Amino acid sequence: EAGVTQFPSHSVIEKGQTVTLRCDPISGHDNLYWYRRVMGKEIKFLLHFVKESKQDESGMPNNRFLAERTGGTYSTLKVQPAELEDSGVYFCASSQMGSYEQYFGPGTRLTVT
Amino acid sequence: QKEVEQNSGPLSVPEGAIASLNCTYSDRGSQSFFWYRQYSGKSPELIMFIYSNGDKEDGRFTAQLNKASQYVSLLIRDSQPSDSATYLCAVEGVEYGNKLVFGAGTILRVKS
């Protein structure tokens with residue numbers, strides 16, 4: 001069974017540009033989460049989808065971040081416009097409905113210059 | 001006070017020894033506890049989870065939970081150099097919804 005996949009693995013953009021990250025959860029996992037780890041800090045929650053609905057977006061830093069999960073399958077996280085402090089590793093995780101066991105993807109390392 | 005605290009390490013143990021990793025959490029209502037292993041540049045890998053007080057064993061790994069003391073630990077028996085990684089403690093509870101709250105991680109180095 002394929003794990004959580006994320007694309008791209010790395011992205012380097014300039015301040016002010018737009019970047020879109022993609023996550024494909026494990027097949028059959030209704031729960032999809034986005035997390036972020038900035039340099040030297042803990043992994044922090046960004047938001048949680050249940051199928052196509054946003055269950056909790058309390059961790060989204062500001063309105064420059066937009067997440068979608070159309071059709072309840074893959075999800076995208078767009079940062080527009082990117083700022084220097086957005087640099088970090090963005091992880092996606094998924095879990096089955098009713099389970100708290102979350103499985104993480106390899107992450108996208110975002111560098112904003 | 002951080003919600004989930006771990007000693008950053010590094011914790012160095014000789015090959016074959018028992019490595020003991022510790023984690024404390026602040027929310028007394030926390031219900032689910034997870035240990036992830038993360039190799040440098042890789043994704044966090046779920047290795048253990050525990051929901052009830054006491055011990056849970058899986059191969060060389062034992063998770064221990066003491067809700068009264070708000071303490072969870074991970075023991076790795078017969079440590080191997082391949083166990084060298086960062087170990088992340090994560091907590092889920094009513095206050096947090098379904099999201100995980102992570103500690104900063106403990107670096108483990110197993111010396112051969």
# chains A, B, ... in the order shown; residues from 1 in each chain; ligands from 1
$ residues_around --residues "B:Asn53" --least-positions-apart "5" --cutoff "10 Å" --atoms "only C-alpha atoms" --output "CSV table (one decimal) with all heavy atoms, in the first residue's frame"
chain,number,residue,atom,x,y,z
B,63,ALA,N,6.4,1.4,25.2
B,63,ALA,CA,5.9,2.7,25.6
B,63,ALA,C,5.3,2.6,27.0
B,63,ALA,O,4.7,1.6,27.3
B,63,ALA,CB,4.9,3.2,24.6
B,64,GLN,N,5.6,3.6,27.8
B,64,GLN,CA,5.1,3.6,29.2
B,64,GLN,C,4.3,4.9,29.4
B,64,GLN,O,4.8,6.0,29.0
B,64,GLN,CB,6.2,3.5,30.2
B,64,GLN,CG,7.0,2.2,30.1
B,64,GLN,CD,8.2,2.2,31.1
B,64,GLN,OE1,8.9,3.2,31.2
B,64,GLN,NE2,8.4,1.1,31.7
B,65,LEU,N,3.1,4.8,30.0
B,65,LEU,CA,2.2,5.9,30.2
B,65,LEU,C,1.8,6.0,31.6
B,65,LEU,O,1.4,5.0,32.2
B,65,LEU,CB,1.0,5.9,29.3
B,65,LEU,CG,-0.1,6.9,29.5
B,65,LEU,CD1,0.5,8.3,29.2
B,65,LEU,CD2,-1.3,6.7,28.6
B,66,ASN,N,2.0,7.2,32.2
B,66,ASN,CA,1.5,7.5,33.5
B,66,ASN,C,0.7,8.8,33.5
B,66,ASN,O,1.3,9.9,33.5
B,66,ASN,CB,2.7,7.6,34.5
B,66,ASN,CG,2.3,7.8,35.9
B,66,ASN,OD1,1.2,8.5,36.2
B,66,ASN,ND2,3.0,7.3,36.9
B,67,LYS,N,-0.6,8.7,33.4
B,67,LYS,CA,-1.4,9.9,33.2
B,67,LYS,C,-1.4,10.7,34.5
B,67,LYS,O,-1.5,11.9,34.4
B,67,LYS,CB,-2.8,9.5,32.8
B,67,LYS,CG,-3.0,8.9,31.4
B,67,LYS,CD,-4.4,8.7,31.0
B,67,LYS,CE,-4.5,8.3,29.6
B,67,LYS,NZ,-5.9,8.1,29.1
B,68,ALA,N,-1.3,10.1,35.6
B,68,ALA,CA,-1.3,10.9,36.9
B,68,ALA,C,-0.1,11.8,36.9
B,68,ALA,O,-0.2,13.0,37.4
B,68,ALA,CB,-1.3,9.9,38.1
B,71,TYR,N,3.2,11.8,32.1
B,71,TYR,CA,4.5,11.4,31.7
B,71,TYR,C,4.4,10.2,30.7
B,71,TYR,O,3.6,9.2,31.0
B,71,TYR,CB,5.3,11.0,32.9
B,71,TYR,CG,6.6,10.4,32.8
B,71,TYR,CD1,7.7,11.2,32.8
B,71,TYR,CD2,6.8,9.0,32.6
B,71,TYR,CE1,9.0,10.7,32.7
B,71,TYR,CE2,8.0,8.5,32.5
B,71,TYR,CZ,9.1,9.3,32.6
B,71,TYR,OH,10.4,8.8,32.5
B,72,VAL,N,5.1,10.2,29.6
B,72,VAL,CA,5.1,9.1,28.7
B,72,VAL,C,6.6,8.8,28.3
B,72,VAL,O,7.3,9.8,28.1
B,72,VAL,CB,4.2,9.3,27.5
B,72,VAL,CG1,4.6,10.5,26.7
B,72,VAL,CG2,4.2,8.1,26.6
$ select_by_dssp --residues "chain B" --states "strand (DSSP E or B)" --output "number ranges by chain"
B: 4-5, 11-14, 19-25, 30-38, 45-50, 54-58, 61-66, 71-76, 85-93, 101-102, 106-111
$ write_last_selection --atoms "C-alpha atoms" --output "CSV table (one decimal), in the first residue's frame"
chain,number,residue,atom,x,y,z
B,4,VAL,CA,4.8,18.8,25.2
B,5,GLU,CA,8.3,18.7,26.6
B,11,LEU,CA,21.2,11.0,24.3
B,12,SER,CA,24.2,8.7,23.7
B,13,VAL,CA,24.0,5.0,24.5
B,14,PRO,CA,26.3,2.1,23.6
B,19,ALA,CA,17.7,3.8,25.6
B,20,SER,CA,15.1,5.6,27.6
B,21,LEU,CA,13.3,8.6,26.1
B,22,ASN,CA,11.0,10.7,28.2
B,23,CYS,CA,8.2,13.2,27.5
B,24,THR,CA,5.9,15.2,29.7
B,25,TYR,CA,2.7,17.0,28.7
B,30,SER,CA,-4.8,14.2,26.8
B,31,GLN,CA,-5.9,10.8,25.7
B,32,SER,CA,-3.6,9.5,23.0
B,33,PHE,CA,0.2,9.4,22.9
B,34,PHE,CA,2.5,8.7,20.0
B,35,TRP,CA,6.2,8.2,19.4
B,36,TYR,CA,7.5,9.0,16.0
B,37,ARG,CA,11.0,8.3,14.8
B,38,GLN,CA,12.6,10.8,12.3
B,45,GLU,CA,7.5,7.5,11.2
B,46,LEU,CA,5.0,6.2,13.7
B,47,ILE,CA,6.6,3.6,15.8
B,48,MET,CA,4.4,3.3,18.9
B,49,PHE,CA,1.1,4.6,20.3
B,50,ILE,CA,-0.4,4.1,23.7
B,54,GLY,CA,0.8,1.1,31.9
B,55,ASP,CA,3.2,-0.5,29.4
B,56,LYS,CA,2.8,-1.4,25.8
B,57,GLU,CA,5.5,-3.6,24.2
B,58,ASP,CA,6.2,-4.1,20.5
B,61,PHE,CA,10.1,-1.0,21.9
B,62,THR,CA,8.1,-0.4,25.1
B,63,ALA,CA,5.9,2.7,25.6
B,64,GLN,CA,5.1,3.6,29.2
B,65,LEU,CA,2.2,5.9,30.2
B,66,ASN,CA,1.5,7.5,33.5
B,71,TYR,CA,4.5,11.4,31.7
B,72,VAL,CA,5.1,9.1,28.7
B,73,SER,CA,8.3,7.3,27.9
B,74,LEU,CA,9.8,5.1,25.2
B,75,LEU,CA,12.3,2.3,26.0
B,76,ILE,CA,14.4,0.8,23.2
B,85,ALA,CA,17.4,9.3,15.0
B,86,THR,CA,15.3,12.0,16.5
B,87,TYR,CA,12.4,10.7,18.5
B,88,LEU,CA,9.3,12.8,18.6
B,89,CYS,CA,6.6,12.6,21.3
B,90,ALA,CA,3.1,13.7,20.2
B,91,VAL,CA,-0.1,14.0,22.2
B,92,GLU,CA,-3.7,14.2,21.2
B,93,GLY,CA,-6.5,15.2,23.5
B,101,VAL,CA,0.9,18.4,19.5
B,102,PHE,CA,4.5,17.6,19.2
B,106,THR,CA,15.2,13.9,21.5
B,107,ILE,CA,18.2,13.1,19.4
B,108,LEU,CA,19.4,9.5,20.1
B,109,ARG,CA,22.8,8.3,19.2
B,110,VAL,CA,23.7,4.7,19.5
B,111,LYS,CA,27.4,4.1,19.4
$ interface_residues --of "chain A" --to "chain B" --cutoff "8 Å" --atoms "only C-alpha atoms" --output "PyMOL selection string"
chain A and resi 33+41-45+48+91+100-107
$ atom_distance --atom1 "atom CA of A:Val4" --atom2 "atom CA of A:Asn31"
11.9 Å
$ residues_around --residues "stretch 17-28 of chain A" --least-positions-apart "6" --cutoff "12 Å" --atoms "only C-alpha atoms" --output "number ranges by chain"
A: 1-11, 34-35, 49-51, 64-70, 72-84, 86-87, 89-97, 102-113
$ select_by_dssp --residues "stretch 34-105 of chain A" --states "helix (DSSP H, G or I)" --output "JSON, numbers by chain"
{"A": [70, 71, 72, 84, 85, 86]}
$ atom_distance --atom1 "atom CA of A:Val38" --atom2 "atom CA of B:Lys2"
16.5 Å
$ atom_distance --atom1 "atom CA of A:Ser99" --atom2 "atom CA of A:Leu46"
18.8 Å
